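Text of the file structure_16.csv, holding CSV, C-alpha atoms and all ligand atoms:
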```csv
chain,number,residue,atom,x,y,z
A,1,MET,CA,52.5,163.4,-45.7
A,2,ASN,CA,53.4,167.1,-45.1
A,3,LEU,CA,54.2,168.8,-48.4
A,4,LYS,CA,54.3,172.3,-47.0
A,5,THR,CA,57.3,174.7,-47.5
A,6,SER,CA,57.7,178.2,-46.2
A,7,PHE,CA,60.2,181.0,-46.9
A,8,ASP,CA,60.3,184.8,-46.7
A,9,GLY,CA,56.8,184.8,-45.2
A,10,LEU,CA,55.3,182.8,-48.1
A,11,HIS,CA,53.5,179.6,-47.2
A,12,LEU,CA,53.1,177.0,-49.9
A,13,ASN,CA,51.0,173.8,-49.5
A,14,ASN,CA,53.5,172.0,-51.7
A,15,PRO,CA,56.8,173.0,-53.4
A,16,LEU,CA,55.7,172.9,-57.1
A,17,MET,CA,54.9,176.1,-59.0
A,18,PRO,CA,54.7,176.8,-62.7
A,19,ALA,CA,57.7,178.6,-64.3
A,20,ALA,CA,57.1,181.8,-66.3
A,21,GLY,CA,56.0,181.0,-69.8
A,22,PRO,CA,53.0,180.4,-72.0
A,23,LEU,CA,51.1,178.3,-69.4
A,24,VAL,CA,50.9,181.3,-67.1
A,25,GLY,CA,50.2,183.9,-69.8
A,26,ASP,CA,46.7,185.1,-68.8
A,27,ALA,CA,44.0,184.7,-66.1
A,28,GLU,CA,42.5,181.5,-67.5
A,29,LYS,CA,45.9,179.8,-67.4
A,30,LEU,CA,46.8,181.1,-63.9
A,31,LEU,CA,43.4,179.7,-62.7
A,32,PHE,CA,44.0,176.4,-64.3
A,33,LEU,CA,47.3,176.0,-62.4
A,34,LYS,CA,45.6,177.0,-59.2
A,35,GLU,CA,43.0,174.2,-59.8
A,36,ALA,CA,45.9,171.8,-60.6
A,37,GLY,CA,47.1,172.4,-57.0
A,38,CYS,CA,50.3,174.3,-57.5
A,39,GLY,CA,51.8,175.5,-54.3
A,40,ALA,CA,52.3,179.1,-55.7
A,41,ILE,CA,51.5,180.7,-59.0
A,42,VAL,CA,54.0,182.6,-61.1
A,43,THR,CA,53.0,184.9,-64.0
A,44,LYS,CA,54.5,185.2,-67.5
A,45,THR,CA,57.1,188.0,-67.5
A,46,ILE,CA,55.4,191.3,-67.7
A,47,SER,CA,57.3,194.3,-69.1
A,48,THR,CA,56.6,197.9,-70.0
A,49,LYS,CA,56.3,197.0,-73.7
A,50,ASP,CA,54.3,194.0,-75.0
A,51,ALA,CA,56.6,191.5,-76.8
A,52,HIS,CA,56.6,191.1,-80.6
A,53,ILE,CA,57.1,187.3,-80.9
A,54,PRO,CA,58.3,185.5,-84.0
A,55,LYS,CA,56.1,182.5,-85.1
A,56,PRO,CA,56.5,179.6,-84.8
A,57,CYS,CA,58.1,180.0,-81.4
A,58,ILE,CA,58.0,176.7,-79.5
A,59,TYR,CA,59.7,173.5,-80.8
A,60,GLY,CA,59.1,170.3,-78.8
A,61,ASP,CA,61.5,167.4,-79.1
A,62,ARG,CA,61.6,164.3,-76.8
A,63,GLU,CA,63.7,165.7,-74.0
A,64,PHE,CA,63.8,169.4,-74.7
A,65,ILE,CA,61.9,172.5,-75.8
A,66,MET,CA,63.3,175.3,-77.9
A,67,ASN,CA,61.6,178.7,-77.8
A,68,SER,CA,61.9,182.2,-79.0
A,69,GLU,CA,58.9,183.5,-77.0
A,70,LEU,CA,60.4,186.5,-75.2
A,71,TRP,CA,58.1,188.0,-72.5
A,72,SER,CA,54.3,188.6,-72.4
A,73,GLU,CA,52.6,189.5,-75.7
A,74,TYR,CA,50.0,191.4,-73.7
A,75,PRO,CA,50.5,195.1,-72.6
A,76,LYS,CA,50.9,195.7,-68.9
A,77,GLU,CA,47.4,197.4,-68.8
A,78,LYS,CA,45.8,194.1,-69.8
A,79,TRP,CA,47.5,192.4,-66.8
A,80,ILE,CA,46.7,195.3,-64.4
A,81,HIS,CA,43.1,195.7,-65.4
A,82,GLU,CA,42.0,192.2,-66.4
A,83,PHE,CA,44.2,189.2,-65.8
A,84,LEU,CA,45.5,190.0,-62.3
A,85,PRO,CA,42.3,191.3,-60.8
A,86,GLU,CA,40.4,188.2,-62.1
A,87,PHE,CA,43.0,185.8,-60.7
A,88,VAL,CA,43.2,187.5,-57.3
A,89,ALA,CA,39.4,187.6,-57.0
A,90,LYS,CA,39.3,183.8,-57.5
A,91,ASN,CA,42.5,182.9,-55.7
A,92,ASP,CA,42.3,181.1,-52.4
A,93,GLY,CA,45.3,182.7,-50.7
A,94,ARG,CA,48.1,180.8,-52.5
A,95,PRO,CA,51.1,183.0,-53.1
A,96,LEU,CA,51.2,184.9,-56.4
A,97,ILE,CA,54.7,185.6,-57.7
A,98,VAL,CA,54.6,188.3,-60.4
A,99,SER,CA,57.4,188.0,-62.9
A,100,VAL,CA,58.7,191.3,-64.3
A,101,GLY,CA,61.5,192.3,-66.7
A,102,TYR,CA,63.9,193.9,-67.4
A,103,SER,CA,65.7,197.2,-66.8
A,104,LYS,CA,65.8,199.5,-63.8
A,105,GLU,CA,63.6,202.0,-65.8
A,106,ASP,CA,61.0,199.2,-66.4
A,107,MET,CA,60.9,198.5,-62.7
A,108,ILE,CA,60.2,202.2,-61.8
A,109,VAL,CA,57.1,201.9,-64.0
A,110,LEU,CA,56.0,198.3,-63.2
A,111,ILE,CA,56.5,197.7,-59.5
A,112,PRO,CA,54.1,200.4,-58.2
A,113,LEU,CA,51.4,199.2,-60.6
A,114,LEU,CA,51.8,195.5,-59.8
A,115,ASP,CA,52.6,195.7,-56.1
A,116,ARG,CA,49.0,195.3,-54.9
A,117,PHE,CA,48.6,192.0,-56.7
A,118,ALA,CA,52.0,190.5,-55.9
A,119,ASP,CA,53.0,188.4,-52.8
A,120,ALA,CA,56.5,188.4,-54.3
A,121,PHE,CA,58.3,189.5,-57.4
A,122,GLU,CA,60.4,187.4,-59.7
A,123,VAL,CA,62.7,189.5,-61.9
A,124,SER,CA,64.0,188.1,-65.2
A,125,THR,CA,67.6,189.1,-66.1
A,126,HIS,CA,67.5,187.3,-69.4
A,127,TYR,CA,68.0,190.2,-71.7
A,128,VAL,CA,70.0,192.6,-69.5
A,129,GLY,CA,73.6,191.4,-70.1
A,130,THR,CA,76.0,190.1,-67.5
A,131,ASP,CA,77.2,193.2,-65.7
A,132,LEU,CA,76.5,192.5,-62.0
A,133,SER,CA,76.5,196.3,-61.1
A,134,VAL,CA,73.6,196.8,-63.5
A,135,ILE,CA,71.7,193.9,-62.0
A,136,SER,CA,72.5,195.2,-58.4
A,137,GLU,CA,71.2,198.6,-59.3
A,138,THR,CA,67.9,197.1,-60.6
A,139,VAL,CA,67.5,195.2,-57.3
A,140,ARG,CA,68.1,198.4,-55.3
A,141,THR,CA,65.5,200.2,-57.4
A,142,ILE,CA,62.9,197.5,-56.8
A,143,ARG,CA,63.8,197.3,-53.1
A,144,SER,CA,63.1,201.1,-52.8
A,145,LEU,CA,59.6,200.5,-54.4
A,146,THR,CA,58.3,197.4,-52.5
A,147,LYS,CA,58.6,195.5,-49.3
A,148,LYS,CA,57.6,192.2,-50.9
A,149,PRO,CA,60.2,189.4,-51.4
A,150,ILE,CA,62.4,189.8,-54.5
A,151,TYR,CA,63.7,186.8,-56.4
A,152,MET,CA,66.2,187.5,-59.2
A,153,LYS,CA,66.1,184.9,-61.9
A,154,ILE,CA,69.5,183.8,-63.2
A,155,SER,CA,70.1,182.7,-66.8
A,156,PRO,CA,72.7,180.1,-67.7
A,157,HIS,CA,74.6,182.6,-69.8
A,158,ILE,CA,75.3,184.7,-66.7
A,159,PRO,CA,78.7,183.5,-65.5
A,160,ASN,CA,79.6,183.1,-61.8
A,161,PRO,CA,76.3,182.2,-60.1
A,162,SER,CA,78.0,182.7,-56.7
A,163,GLY,CA,79.0,186.3,-57.6
A,164,PHE,CA,75.5,186.9,-58.9
A,165,ALA,CA,74.0,185.6,-55.6
A,166,LYS,CA,76.3,187.8,-53.5
A,167,ALA,CA,75.6,190.9,-55.6
A,168,ILE,CA,71.8,190.6,-55.5
A,169,LYS,CA,71.8,189.7,-51.7
A,170,ASP,CA,73.9,192.7,-50.9
A,171,SER,CA,71.4,194.9,-52.9
A,172,GLY,CA,68.4,193.7,-50.9
A,173,ALA,CA,67.0,190.7,-52.8
A,174,ASN,CA,65.6,187.7,-50.9
A,175,GLY,CA,66.6,185.0,-53.3
A,176,VAL,CA,67.4,183.5,-56.7
A,177,VAL,CA,65.3,181.6,-59.2
A,178,ALA,CA,67.7,179.2,-61.0
A,179,VAL,CA,67.7,178.8,-64.0
A,180,ASN,CA,66.1,180.4,-67.1
A,181,SER,CA,66.5,178.6,-70.4
A,182,LEU,CA,69.9,177.8,-71.9
A,183,GLY,CA,71.3,179.6,-74.9
A,184,PRO,CA,71.7,180.9,-77.4
A,185,THR,CA,71.0,177.6,-79.1
A,186,MET,CA,69.9,176.7,-82.7
A,187,LYS,CA,67.4,174.7,-84.5
A,188,ILE,CA,68.3,173.9,-88.2
A,189,ASP,CA,66.0,172.4,-90.8
A,190,ILE,CA,68.3,170.6,-93.3
A,191,MET,CA,65.7,170.1,-96.0
A,192,SER,CA,64.8,173.8,-96.3
A,193,ARG,CA,68.3,175.0,-95.5
A,194,SER,CA,66.8,177.3,-93.0
A,195,ILE,CA,66.2,178.3,-89.4
A,196,GLN,CA,62.5,177.7,-88.9
A,197,TYR,CA,62.5,178.5,-85.2
A,198,GLY,CA,64.4,181.4,-84.1
A,199,ASN,CA,64.6,185.1,-83.1
A,200,ASP,CA,65.9,187.8,-85.5
A,201,LYS,CA,69.4,186.6,-84.9
A,202,GLY,CA,68.5,183.0,-85.6
A,203,PHE,CA,68.7,181.7,-82.1
A,204,VAL,CA,66.3,179.9,-79.7
A,205,TRP,CA,66.5,179.1,-75.9
A,206,THR,CA,66.6,175.5,-74.8
A,207,SER,CA,64.9,174.1,-71.7
A,208,GLY,CA,63.4,170.8,-70.4
A,209,PRO,CA,65.0,167.6,-69.0
A,210,VAL,CA,68.3,168.2,-70.9
A,211,ILE,CA,69.1,171.2,-68.7
A,212,LYS,CA,68.2,169.6,-65.4
A,213,ASN,CA,71.8,168.8,-64.4
A,214,LEU,CA,72.9,172.4,-65.2
A,215,ALA,CA,70.1,173.8,-63.1
A,216,LEU,CA,70.8,171.5,-60.2
A,217,ALA,CA,74.5,172.6,-60.1
A,218,THR,CA,73.5,176.2,-60.3
A,219,VAL,CA,71.1,175.8,-57.3
A,220,TYR,CA,73.8,174.0,-55.4
A,221,GLN,CA,76.5,176.6,-56.1
A,222,ILE,CA,74.2,179.5,-55.1
A,223,LYS,CA,73.0,177.8,-51.8
A,224,GLN,CA,76.6,176.9,-50.9
A,225,ALA,CA,77.8,180.4,-51.5
A,226,GLU,CA,74.9,182.3,-49.9
A,227,PRO,CA,73.0,180.0,-47.5
A,228,SER,CA,70.8,182.8,-46.3
A,229,LEU,CA,69.3,183.3,-49.7
A,230,THR,CA,66.1,181.5,-50.8
A,231,VAL,CA,66.7,179.4,-53.9
A,232,ILE,CA,63.8,178.4,-56.2
A,233,GLY,CA,64.9,175.6,-58.5
A,234,VAL,CA,63.8,175.4,-62.1
A,235,GLY,CA,65.1,173.6,-65.2
A,236,GLY,CA,64.2,170.2,-66.5
A,237,ILE,CA,61.9,169.0,-63.7
A,238,ALA,CA,59.6,166.3,-65.0
A,239,THR,CA,58.9,164.0,-62.0
A,240,ALA,CA,58.5,163.9,-58.2
A,241,ASP,CA,62.0,162.5,-57.9
A,242,ASP,CA,63.3,165.6,-59.8
A,243,VAL,CA,61.6,167.8,-57.2
A,244,ILE,CA,63.4,166.0,-54.4
A,245,GLU,CA,66.7,166.3,-56.1
A,246,PHE,CA,66.3,170.1,-56.4
A,247,LEU,CA,65.3,170.4,-52.7
A,248,LEU,CA,68.4,168.3,-51.7
A,249,ALA,CA,70.6,170.6,-53.8
A,250,GLY,CA,69.4,173.6,-51.8
A,251,ALA,CA,66.1,174.8,-53.2
A,252,SER,CA,63.1,175.7,-51.0
A,253,ALA,CA,60.6,175.2,-53.8
A,254,VAL,CA,60.7,174.5,-57.5
A,255,GLN,CA,59.1,175.5,-60.8
A,256,MET,CA,58.4,173.6,-64.0
A,257,LEU,CA,57.3,174.4,-67.5
A,258,SER,CA,58.9,172.4,-70.4
A,259,ALA,CA,58.0,168.9,-69.2
A,260,ALA,CA,54.4,170.0,-69.1
A,261,LEU,CA,54.7,171.4,-72.6
A,262,LEU,CA,56.2,168.0,-73.7
A,263,LYS,CA,53.9,165.7,-71.7
A,264,GLY,CA,50.7,167.7,-71.1
A,265,LYS,CA,49.4,170.2,-68.6
A,266,GLN,CA,48.1,167.5,-66.2
A,267,LEU,CA,51.7,166.8,-65.2
A,268,TYR,CA,51.5,169.5,-62.5
A,269,ALA,CA,48.7,167.6,-60.7
A,270,LYS,CA,50.4,164.3,-61.3
A,271,ILE,CA,53.7,165.4,-59.7
A,272,ILE,CA,51.9,166.8,-56.7
A,273,GLU,CA,50.0,163.5,-56.3
A,274,ASP,CA,53.2,161.5,-56.7
A,275,LEU,CA,55.2,163.5,-54.1
A,276,PRO,CA,54.1,161.7,-51.0
A,277,LYS,CA,54.9,158.3,-52.5
A,278,ALA,CA,58.3,159.5,-53.7
A,279,LEU,CA,59.1,161.0,-50.2
A,280,GLU,CA,58.2,157.7,-48.6
A,281,LYS,CA,60.3,155.7,-51.0
A,282,TYR,CA,63.4,157.6,-50.0
A,283,GLY,CA,62.6,157.6,-46.3
A,284,PHE,CA,61.5,161.2,-45.8
A,285,SER,CA,58.5,162.2,-43.7
A,286,SER,CA,58.0,165.8,-45.1
A,287,ILE,CA,59.2,168.3,-47.7
A,288,GLU,CA,60.8,170.3,-45.0
A,289,GLU,CA,62.9,167.3,-43.9
A,290,VAL,CA,64.3,167.0,-47.5
A,291,ILE,CA,65.2,170.7,-47.5
A,292,LYS,CA,66.9,170.5,-44.1
A,293,THR,CA,68.8,167.3,-45.2
A,294,GLY,CA,71.2,168.9,-47.7
A,295,LEU,CA,73.8,166.9,-49.6
A,296,LYS,CA,76.9,165.0,-48.6
A,297,ASN,CA,79.7,165.2,-51.1
A,298,THR,CA,81.1,161.6,-51.2
A,299,VAL,CA,83.9,162.2,-53.7
A,300,LYS,CA,86.6,159.4,-53.5
A,301,TYR,CA,89.4,158.3,-55.8
A,302,GLU,CA,89.2,154.6,-55.4
A,303,SER,CA,86.1,152.6,-56.1
A,304,SER,CA,85.7,148.8,-56.6
A,305,LEU,CA,85.4,146.4,-59.5
A,306,PRO,CA,81.9,146.0,-60.9
A,307,THR,CA,80.2,142.8,-60.0
A,308,LEU,CA,77.5,140.9,-61.9
A,309,ILE,CA,74.2,139.7,-60.6
A,310,VAL,CA,74.1,136.7,-62.9
A,311,ASP,CA,70.3,136.1,-62.6
A,312,LYS,CA,69.6,139.7,-63.8
A,313,CYS,CA,71.9,139.7,-66.8
A,314,THR,CA,70.1,139.2,-70.1
A,315,ARG,CA,73.4,139.0,-72.1
A,316,CYS,CA,72.4,142.0,-74.2
A,317,MET,CA,76.1,142.9,-74.4
A,318,LEU,CA,75.5,146.6,-74.0
A,319,CYS,CA,78.1,146.8,-71.3
A,320,VAL,CA,80.7,145.2,-73.6
A,321,ARG,CA,79.9,147.7,-76.3
A,322,VAL,CA,80.0,150.8,-74.2
A,323,CYS,CA,83.0,150.1,-71.9
A,324,PRO,CA,85.5,152.8,-72.8
A,325,TYR,CA,88.4,150.8,-71.3
A,326,PHE,CA,87.8,147.5,-73.3
A,327,ALA,CA,87.6,145.8,-69.9
A,328,ILE,CA,84.4,143.8,-70.2
A,329,ASP,CA,84.1,140.5,-72.1
A,330,MET,CA,81.4,137.9,-72.6
A,331,LYS,CA,82.9,134.5,-71.8
A,332,ASP,CA,80.3,132.1,-70.2
A,333,VAL,CA,79.1,135.1,-68.4
A,334,ILE,CA,80.0,138.8,-68.4
A,335,THR,CA,83.5,139.2,-66.9
A,336,PHE,CA,85.4,142.3,-65.8
A,337,ASN,CA,89.2,142.5,-66.5
A,338,PRO,CA,90.7,143.9,-63.3
A,339,GLU,CA,93.9,144.9,-65.2
A,340,LYS,CA,91.9,147.1,-67.6
A,341,CYS,CA,88.9,148.2,-65.5
A,342,PHE,CA,89.1,151.9,-64.6
A,343,GLN,CA,86.2,151.7,-62.1
A,344,CYS,CA,84.5,154.5,-64.1
A,345,GLY,CA,81.0,153.2,-63.4
A,346,LEU,CA,79.5,153.6,-66.9
A,347,CYS,CA,78.6,150.0,-67.3
A,348,ALA,CA,76.5,150.0,-64.0
A,349,THR,CA,74.6,153.1,-65.1
A,350,LYS,CA,73.9,151.8,-68.6
A,351,CYS,CA,72.9,148.3,-67.7
A,352,PRO,CA,69.2,148.1,-68.6
A,353,THR,CA,68.4,145.4,-66.0
A,354,LYS,CA,70.7,146.8,-63.2
A,355,ALA,CA,72.6,143.6,-63.3
A,356,ILE,CA,76.0,145.4,-62.7
A,357,VAL,CA,76.7,146.7,-59.3
A,358,ILE,CA,79.6,148.9,-58.0
A,359,LYS,CA,79.9,148.8,-54.2
B,1,LIG,C1,58.0,178.8,-74.3
B,1,LIG,C2,58.8,179.3,-73.1
B,1,LIG,C3,58.5,180.6,-72.7
B,1,LIG,C4,59.2,181.2,-71.6
B,1,LIG,N1,59.0,182.4,-71.1
B,1,LIG,C5,59.6,182.9,-70.1
B,1,LIG,C6,59.3,184.2,-69.6
B,1,LIG,O1,58.4,184.9,-70.1
B,1,LIG,N2,60.0,184.7,-68.5
B,1,LIG,C7,61.0,183.9,-67.8
B,1,LIG,O2,61.6,184.4,-66.9
B,1,LIG,N3,61.3,182.7,-68.3
B,1,LIG,C8,60.6,182.2,-69.4
B,1,LIG,N4,60.9,180.9,-69.8
B,1,LIG,C9,61.9,180.1,-69.0
B,1,LIG,C10,61.2,179.2,-68.0
B,1,LIG,O3,60.5,179.9,-67.1
B,1,LIG,C11,62.1,178.3,-67.3
B,1,LIG,O4,63.1,179.0,-66.6
B,1,LIG,C12,62.9,177.4,-68.2
B,1,LIG,O5,62.1,176.9,-69.3
B,1,LIG,C13,63.5,176.2,-67.5
B,1,LIG,O6,62.5,175.4,-66.9
B,1,LIG,P1,61.9,174.1,-67.6
B,1,LIG,O7,63.0,173.2,-68.1
B,1,LIG,O8,61.0,173.5,-66.5
B,1,LIG,O9,61.0,174.6,-68.7
B,1,LIG,C14,60.2,180.4,-70.9
B,1,LIG,C15,60.4,179.1,-71.3
B,1,LIG,C16,59.7,178.5,-72.4
B,1,LIG,C17,60.0,177.1,-72.8
```
Translate the structure described by the file into structure tokens.
Amino acid sequence: MNLKTSFDGLHLNNPLMPAAGPLVGDAEKLLFLKEAGCGAIVTKTISTKDAHIPKPCIYGDREFIMNSELWSEYPKEKWIHEFLPEFVAKNDGRPLIVSVGYSKEDMIVLIPLLDRFADAFEVSTHYVGTDLSVISETVRTIRSLTKKPIYMKISPHIPNPSGFAKAIKDSGANGVVAVNSLGPTMKIDIMSRSIQYGNDKGFVWTSGPVIKNLALATVYQIKQAEPSLTVIGVGGIATADDVIEFLLAGASAVQMLSAALLKGKQLYAKIIEDLPKALEKYGFSSIEEVIKTGLKNTVKYESSLPTLIVDKCTRCMLCVRVCPYFAIDMKDVITFNPEKCFQCGLCATKCPTKAIVIK
């Protein structure tokens, strides 16, 4: 099965890369992800000043991570003289995307120092506000300093992803990485009446499976608005199926972090291993075919009544309990009241044995 994807002169053996964060925070970790088989490697965000990070800074729940980790805790010199030379010396040609932040002034210092290591730059806009003219000016500055591809990373608190995409395209960027973590959000500890995880304002950023649907919609919006831009999808990916969803929504490649923090670092290798089977299951013969397929919008205003596959029903009554229209009863079997049923579809999605079907 062909897992390759190419864009802007970068050639990836598969579409999965790590997202900027603790798992790409030094040379040892970058090399671990190379060995795991990631299609490209992304660094932790490097800035002109090393970050002063509150501790503890990573909270793991079942379906999400909350963090207050900021950017790299290491000075740029450590990256330039140690981590990046070590990684590049041991790399085998897979693209290295160097993540940098944040202001135009930071870029004037960082880009010339990092250009010889980078196959592309990813630029975090997480802490620069929402003024698109400021972000455009940053892109123009970077473009004047490098010929490498530039991917601007959008955060969910930046409104109007389509406007962001147009602004950065017009200023010379090649694409968007969508999305950074969601916030500000909060983690409260009732017992101690305190905020145990948080920055100096008491806030954390949320990521992981709970933000997947937001990330998918952002990828889709950007690709619809600016088809010539490369989109790299990130946010909540945890399985090979998730990767396929992002590619269908308009991404050319994807990144993952939180699911690996929640489930373990071996998840990168597992998803890459699972991809061929997942592609086959959905009738695709390559990653490029998924990317070319795109999505049909099948919106309609009439559906059909649910039907029950009697043999599959365990009579658990969940559908009766969850139906918001009071339209499902248990008589001898589950029955749907055509007068009351709104054809909303919730019962079919909640049924644990897939015994309810909507045609
Ligand atoms: C602990 C932690 C640290 C992060 N550090 C950075 C960072 O330095 N730069 C950056 O652009 N994004 C950073 N992110 C955001 C991720 O790169 C990613 O965009 C976000 O977590 C959504 O993807 P995920 O749900 O797969 O984690 C961080 C996220 C977490 C959880």
Worksheet, complete the sentence: re CA of Arg62 (chain A) and atom C15 of ligand LIG 1 (chain B): distance 15.8 Å
Item to complete: For ligand LIG 1 (chain B), list the contacting residues at 8 Å or closer, counting all atoms listed in the file, as a PyMOL selection string.
Response: chain A and resi 18-22+44-46+57-58+64-72+99-101+122-126+153+155+178-182+205-212+234-238+255-261
Item to complete: Please provide the set of residues having any atom within 8 Å of Leu33 (chain A), restricted to only C-alpha atoms, with same-chain residues fewer than 4 positions apart removed, written as a VMD selection string.
Response: chain A and resid 18 24 29 37 to 38 41 268
Worksheet item: Between A:Leu132, A:Val98, A:Leu247, A:Leu23, which has the minimum distance to Phe164 (chain A) (counting only C-alpha atoms)?
Response: A:Leu132
Fill in: Computed interatomic separation between CA of Gly233 (chain A) and CA of Phe121 (chain A) (Å)
15.4 Å
Fill in: Length of the CA of Glu73 (chain A) to CA of Tyr59 (chain A) vector [Å]
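Interatomic distance, CA of Glu73 (chain A) to CA of Tyr59 (chain A): 18.2 Å.
Shortest separation to Lys187 (chain A) among A:Phe87, A:Val231, A:Asn337, A:Asp61 occurs at residue A:Asp61, atoms counted being all atoms listed in the file.
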Worksheet item: Restricting the calculation to all atoms listed in the file, which member of A:Ala217, A:Leu114, A:Ala173, A:Leu30 is positioned closest to Pro161 (chain A)?
Response: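 Closest to Pro161 (chain A) of all the choices is A:Ala217.
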Practice prompt. Identify the residues around (79.3, 147.3, -59.5) within a radius of 7 Å, measuring from only C-alpha atoms in the coordinates stated by the file, and give them as a list in words.
Written response: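 Protein and nucleic acid residues near the point are Leu305, Pro306, Thr307, Ala348, Ile356, Val357, Ile358 and Lys359 of chain A.
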Where atoms are lacking, region 12-30 of chain A completed to N, CA and C atoms, as an mmCIF file, keeping the file's coordinate frame:
```cif
data_model
loop_
_atom_site.group_PDB
_atom_site.id
_atom_site.type_symbol
_atom_site.label_atom_id
_atom_site.label_comp_id
_atom_site.auth_asym_id
_atom_site.auth_seq_id
_atom_site.Cartn_x
_atom_site.Cartn_y
_atom_site.Cartn_z
ATOM 1 N N LEU A 12 53.526 177.762 -48.781
ATOM 2 C CA LEU A 12 53.100 177.000 -49.900
ATOM 3 C C LEU A 12 52.607 175.602 -49.416
ATOM 4 N N ASN A 13 51.472 175.135 -49.937
ATOM 5 C CA ASN A 13 51.000 173.800 -49.500
ATOM 6 C C ASN A 13 51.820 172.685 -50.113
ATOM 7 N N ASN A 14 52.538 172.977 -51.186
ATOM 8 C CA ASN A 14 53.500 172.000 -51.700
ATOM 9 C C ASN A 14 54.545 172.836 -52.504
ATOM 10 N N PRO A 15 55.694 172.231 -52.840
ATOM 11 C CA PRO A 15 56.800 173.000 -53.400
ATOM 12 C C PRO A 15 56.744 173.302 -54.881
ATOM 13 N N LEU A 16 55.717 172.809 -55.586
ATOM 14 C CA LEU A 16 55.700 172.900 -57.100
ATOM 15 C C LEU A 16 54.933 174.132 -57.550
ATOM 16 N N MET A 17 55.594 174.966 -58.354
ATOM 17 C CA MET A 17 54.900 176.100 -59.000
ATOM 18 C C MET A 17 55.174 176.007 -60.516
ATOM 19 N N PRO A 18 54.362 176.716 -61.289
ATOM 20 C CA PRO A 18 54.700 176.800 -62.700
ATOM 21 C C PRO A 18 55.846 177.788 -62.895
ATOM 22 N N ALA A 19 56.617 177.612 -63.981
ATOM 23 C CA ALA A 19 57.700 178.600 -64.300
ATOM 24 C C ALA A 19 57.060 179.586 -65.315
ATOM 25 N N ALA A 20 57.620 180.796 -65.346
ATOM 26 C CA ALA A 20 57.100 181.800 -66.300
ATOM 27 C C ALA A 20 57.180 181.292 -67.707
ATOM 28 N N GLY A 21 56.080 181.473 -68.431
ATOM 29 C CA GLY A 21 56.000 181.000 -69.800
ATOM 30 C C GLY A 21 54.570 180.980 -70.281
ATOM 31 N N PRO A 22 54.310 180.305 -71.398
ATOM 32 C CA PRO A 22 53.000 180.400 -72.000
ATOM 33 C C PRO A 22 51.856 179.838 -71.111
ATOM 34 N N LEU A 23 52.192 178.888 -70.214
ATOM 35 C CA LEU A 23 51.100 178.300 -69.400
ATOM 36 C C LEU A 23 50.663 179.206 -68.266
ATOM 37 N N VAL A 24 51.311 180.356 -68.122
ATOM 38 C CA VAL A 24 50.900 181.300 -67.100
ATOM 39 C C VAL A 24 50.671 182.700 -67.773
ATOM 40 N N GLY A 25 50.195 182.655 -69.029
ATOM 41 C CA GLY A 25 50.200 183.900 -69.800
ATOM 42 C C GLY A 25 48.912 184.695 -69.769
ATOM 43 N N ASP A 26 47.879 184.246 -69.047
ATOM 44 C CA ASP A 26 46.700 185.100 -68.800
ATOM 45 C C ASP A 26 45.878 184.491 -67.660
ATOM 46 N N ALA A 27 44.727 185.095 -67.349
ATOM 47 C CA ALA A 27 44.000 184.700 -66.100
ATOM 48 C C ALA A 27 43.482 183.255 -66.222
ATOM 49 N N GLU A 28 43.024 182.840 -67.398
ATOM 50 C CA GLU A 28 42.500 181.500 -67.500
ATOM 51 C C GLU A 28 43.575 180.447 -67.166
ATOM 52 N N LYS A 29 44.793 180.712 -67.622
ATOM 53 C CA LYS A 29 45.900 179.800 -67.400
ATOM 54 C C LYS A 29 46.336 179.783 -65.928
ATOM 55 N N LEU A 30 46.402 180.989 -65.350
ATOM 56 C CA LEU A 30 46.800 181.100 -63.900
ATOM 57 C C LEU A 30 45.763 180.293 -63.090
#
```
